[in-house]
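K.L.:
Please read through the structure below; I'll follow up with questions.
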Amino acid sequence: VDVEGTTPELRRLAQLSTHLIAPRPILAHMAGLDEGASGAEVLRALAQDPQCPDRTIITTDGEHGAWGLAPGDARPVHAPALEIAVRDTTGAGDAFHGAFVAALLDGRGMREGMDFATRVGACACQTPGPAVTSASLAQCGILSDMTTSDGNAEDAASCSL
């Protein structure tokens, strides 16, 4: 679930999710922490919530990267932001979320999924407009990392994103 607010309805949706991704300030608010709390602090607080056991949580933080915590993990995983020339941030979060889900469906773990999602999100920031196309993914050198479950990168590259 991608949460972009703190209404009671969104809080309930976040509690019901198995995978929660949201900006650090929003998750800090949901955890009852100050907006300036670090990504790792936010994840540790949310992981202790007895109403939400066994859930993967990722907090995104723009130029500071993203932090993730999977059930059973002792320490949060940090995926640092890439140093890029930002052209347009429109759609970067959506690109990150979609890439993380694609990585999970491809059998990748938390670290690999977050690293892949960070690269796709960074590619979105280098591309004008809200869409990340196969051409922009190729230009960013990401298509070679995209495979189908049978390992066929060619089939994955031909799908329209």
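Chain labels A, B, ... are given in the sequence in which chains occur in the structure tokens; within each chain residues are numbered consecutively from 1, and ligands are likewise numbered from 1 in the order shown.
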Run DSSP on the backbone and grab whatever in chain A lands in strand (DSSP E or B); send it over as a list in words.

P.N.:
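Output for chain A, strand (DSSP E or B) only: Asp2, His19, Leu20, Ile21, Ala22, Pro23, Thr56, Ile57, Ile58, Thr59, Thr60, Ala66, Trp67, Gly68, Leu69, Val77, His78 and Ala79 of chain A.
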
K.L.:
Write out as a list of chain:residue names which residues come within 9 Å of Pro128 of chain A when counting only C-alpha atoms, dropping same-chain ones fewer than 4 positions away.

P.N.:
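What passes the distance filter is A:Arg87, A:Asp88, A:Thr89, A:Thr90, A:Ala124, A:Val132.
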
K.L.:
What does the distance between atom CA of Ala14 of chain A and atom CA of Asp34 of chain A come to in Å, to one decimal place?

P.N.:
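Between these atoms lies a distance of 18.8 Å.
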
K.L.:
Excluding same-chain residues fewer than 4 positions from segment 92-100 of chain A, what lies within 6 Å of it counting only C-alpha atoms, as number ranges by chain?

P.N.:
A: 113, 117, 121, 124-125

K.L.:
Could you give me, as a compact mmCIF listing (two decimals) with all heavy atoms, in the first residue's frame, the residues within 12 Å of Gly5 of chain A, counting only C-alpha atoms and dropping anything in the same chain fewer than 6 positions from it?

P.N.:
# COMPACT_ATOMS: atom_id res chain seq x y z
N ARG A 11 -4.85 5.46 7.79
CA ARG A 11 -4.19 4.76 8.91
C ARG A 11 -4.69 3.32 8.98
O ARG A 11 -3.91 2.39 9.17
CB ARG A 11 -4.48 5.46 10.24
CG ARG A 11 -3.66 6.68 10.47
CD ARG A 11 -4.11 7.30 11.80
NE ARG A 11 -3.34 8.46 12.12
CZ ARG A 11 -2.24 8.44 12.87
NH1 ARG A 11 -1.81 7.32 13.37
NH2 ARG A 11 -1.58 9.54 13.11
N ARG A 12 -6.00 3.13 8.85
CA ARG A 12 -6.57 1.77 8.91
C ARG A 12 -6.07 0.94 7.73
O ARG A 12 -5.73 -0.23 7.89
CB ARG A 12 -8.10 1.84 8.92
CG ARG A 12 -8.74 0.49 9.05
CD ARG A 12 -8.40 -0.15 10.40
NE ARG A 12 -8.98 -1.49 10.46
CZ ARG A 12 -8.37 -2.52 10.98
NH1 ARG A 12 -7.18 -2.40 11.51
NH2 ARG A 12 -8.95 -3.69 11.00
N LEU A 13 -6.02 1.53 6.55
CA LEU A 13 -5.51 0.83 5.38
C LEU A 13 -4.05 0.42 5.61
O LEU A 13 -3.65 -0.70 5.30
CB LEU A 13 -5.62 1.72 4.14
CG LEU A 13 -5.20 1.10 2.82
CD1 LEU A 13 -6.05 -0.11 2.49
CD2 LEU A 13 -5.31 2.15 1.72
N ALA A 14 -3.26 1.32 6.19
CA ALA A 14 -1.86 1.01 6.49
C ALA A 14 -1.77 -0.15 7.49
O ALA A 14 -0.90 -1.02 7.35
CB ALA A 14 -1.16 2.25 7.05
N ILE A 21 4.49 1.32 1.98
CA ILE A 21 5.52 2.25 1.51
C ILE A 21 4.94 3.65 1.61
O ILE A 21 3.85 3.92 1.10
CB ILE A 21 5.94 1.97 0.05
CG1 ILE A 21 6.44 0.54 -0.12
CG2 ILE A 21 7.01 2.96 -0.39
CD1 ILE A 21 6.77 0.16 -1.55
N ALA A 22 5.68 4.55 2.25
CA ALA A 22 5.20 5.93 2.39
C ALA A 22 6.38 6.85 2.70
O ALA A 22 7.42 6.40 3.18
CB ALA A 22 4.16 6.02 3.51
N PRO A 23 6.20 8.14 2.42
CA PRO A 23 7.24 9.11 2.75
C PRO A 23 7.51 9.14 4.26
O PRO A 23 6.60 8.95 5.08
CB PRO A 23 6.66 10.43 2.28
CG PRO A 23 5.64 10.07 1.26
CD PRO A 23 5.07 8.76 1.71
N ARG A 24 8.77 9.37 4.63
CA ARG A 24 9.19 9.39 6.03
C ARG A 24 8.33 10.30 6.91
O ARG A 24 7.90 9.87 7.98
CB ARG A 24 10.68 9.77 6.15
CG ARG A 24 11.19 9.72 7.59
CD ARG A 24 12.53 10.41 7.73
NE ARG A 24 12.60 11.68 7.05
CZ ARG A 24 12.03 12.82 7.47
NH1 ARG A 24 11.34 12.85 8.58
NH2 ARG A 24 12.15 13.93 6.76
N PRO A 25 8.03 11.55 6.51
CA PRO A 25 7.22 12.40 7.41
C PRO A 25 5.83 11.82 7.70
O PRO A 25 5.34 11.96 8.82
CB PRO A 25 7.12 13.72 6.65
CG PRO A 25 8.29 13.73 5.72
CD PRO A 25 8.50 12.30 5.34
N ILE A 26 5.23 11.16 6.74
CA ILE A 26 3.90 10.58 6.96
C ILE A 26 3.98 9.41 7.92
O ILE A 26 3.19 9.29 8.86
CB ILE A 26 3.26 10.18 5.61
CG1 ILE A 26 2.86 11.45 4.87
CG2 ILE A 26 2.07 9.25 5.82
CD1 ILE A 26 2.29 11.25 3.51
N LEU A 27 4.97 8.54 7.73
CA LEU A 27 5.10 7.40 8.64
C LEU A 27 5.53 7.85 10.02
O LEU A 27 5.13 7.24 11.02
CB LEU A 27 6.06 6.36 8.06
CG LEU A 27 5.53 5.59 6.85
CD1 LEU A 27 6.55 4.55 6.40
CD2 LEU A 27 4.20 4.94 7.14
N ALA A 28 6.33 8.90 10.11
CA ALA A 28 6.70 9.45 11.43
C ALA A 28 5.45 9.89 12.16
O ALA A 28 5.27 9.60 13.35
CB ALA A 28 7.69 10.60 11.27
N HIS A 29 4.56 10.59 11.47
CA HIS A 29 3.31 11.04 12.06
C HIS A 29 2.48 9.84 12.53
O HIS A 29 1.93 9.84 13.64
CB HIS A 29 2.53 11.88 11.04
CG HIS A 29 1.30 12.51 11.59
ND1 HIS A 29 0.15 11.80 11.85
CD2 HIS A 29 1.03 13.79 11.94
CE1 HIS A 29 -0.78 12.61 12.32
NE2 HIS A 29 -0.27 13.82 12.39
N MET A 30 2.38 8.81 11.69
CA MET A 30 1.60 7.63 12.06
C MET A 30 2.20 6.91 13.27
O MET A 30 1.48 6.28 14.04
CB MET A 30 1.51 6.66 10.88
CG MET A 30 0.57 7.11 9.81
SD MET A 30 0.41 5.80 8.57
CE MET A 30 -0.86 6.54 7.54

K.L.:
Name the closest residue to Glu83 of chain A among the candidates A:Ala122, A:Ala70, A:Asp106, A:Val3; distances are taken between atoms, counting only C-alpha atoms.

P.N.:
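Using only C-alpha atoms, the shortest distance to Glu83 of chain A belongs to A:Ala122.
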
K.L.:
Which residue gives the smallest distance to Thr127 of chain A among A:Ser144, A:Val86, A:Arg111, A:Asp73, with only C-alpha atoms counted?

P.N.:
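Selected residue with least distance to Thr127 of chain A: A:Val86.
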
K.L.:
Enumerate the residues of chain A with a DSSP assignment of alpha helix (DSSP H), computed from the backbone, and present them as a PyMOL selection string.

P.N.:
chain A and resi 8-16+24-30+39-47+92-105+110-125+134-139+153-158

K.L.:
Do a neighbour search on Met114 of chain A at 10 Å with only C-alpha atoms, toss out local chain neighbours closer than 4 positions, and write the hits as a PyMOL selection string.

P.N.:
chain A and resi 58+65-68+77-80+96-97+99-101+103-104+108-110+118-120

K.L.:
Could you turn the residues from that selection into a file that holds C-alpha atoms, as a short mmCIF file (atom, residue, chain, number, x, y, z; two decimals), in the first residue's frame?

P.N.:
data_model
loop_
_atom_site.label_atom_id
_atom_site.label_comp_id
_atom_site.auth_asym_id
_atom_site.auth_seq_id
_atom_site.Cartn_x
_atom_site.Cartn_y
_atom_site.Cartn_z
CA ILE A 58 9.53 1.09 3.58
CA GLY A 65 17.25 7.39 0.10
CA ALA A 66 14.87 4.82 1.55
CA TRP A 67 14.75 2.63 4.65
CA GLY A 68 13.05 -0.75 4.83
CA VAL A 77 17.98 -1.78 5.44
CA HIS A 78 19.11 1.53 3.91
CA ALA A 79 19.14 2.11 0.16
CA PRO A 80 20.99 5.40 -0.38
CA PHE A 96 9.88 3.33 -6.89
CA HIS A 97 6.75 1.57 -5.62
CA ALA A 99 9.72 -1.34 -9.20
CA PHE A 100 9.74 -2.66 -5.63
CA VAL A 101 6.60 -4.71 -6.26
CA ALA A 103 11.25 -7.02 -7.69
CA LEU A 104 9.21 -8.87 -5.05
CA ARG A 108 14.10 -10.60 -4.94
CA GLY A 109 14.59 -9.85 -1.26
CA MET A 110 14.32 -6.56 0.60
CA THR A 118 15.92 3.22 -6.03
CA ARG A 119 17.51 2.93 -9.49
CA VAL A 120 14.11 3.05 -11.23
#

K.L.:
Can you work out the spacing between atom CA of Thr59 of chain A and atom CA of Ser136 of chain A in Å, to one decimal?

P.N.:
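Distance reported for this atom pair: 25.1 Å.
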
K.L.:
So the first atom is atom CA of Glu41 of chain A and the second is atom CA of Leu20 of chain A; what is the distance between them in Å, to one decimal place?

P.N.:
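Pair atom CA of Glu41 of chain A / atom CA of Leu20 of chain A returns 15.8 Å.
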
K.L.:
Have a look at A:Cys123, A:Ala31, A:Leu10, A:Leu46 and name the one nearest to Ala138 of chain A; count only C-alpha atoms.

P.N.:
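For Ala138 of chain A, the nearest of the given residues is A:Cys123.
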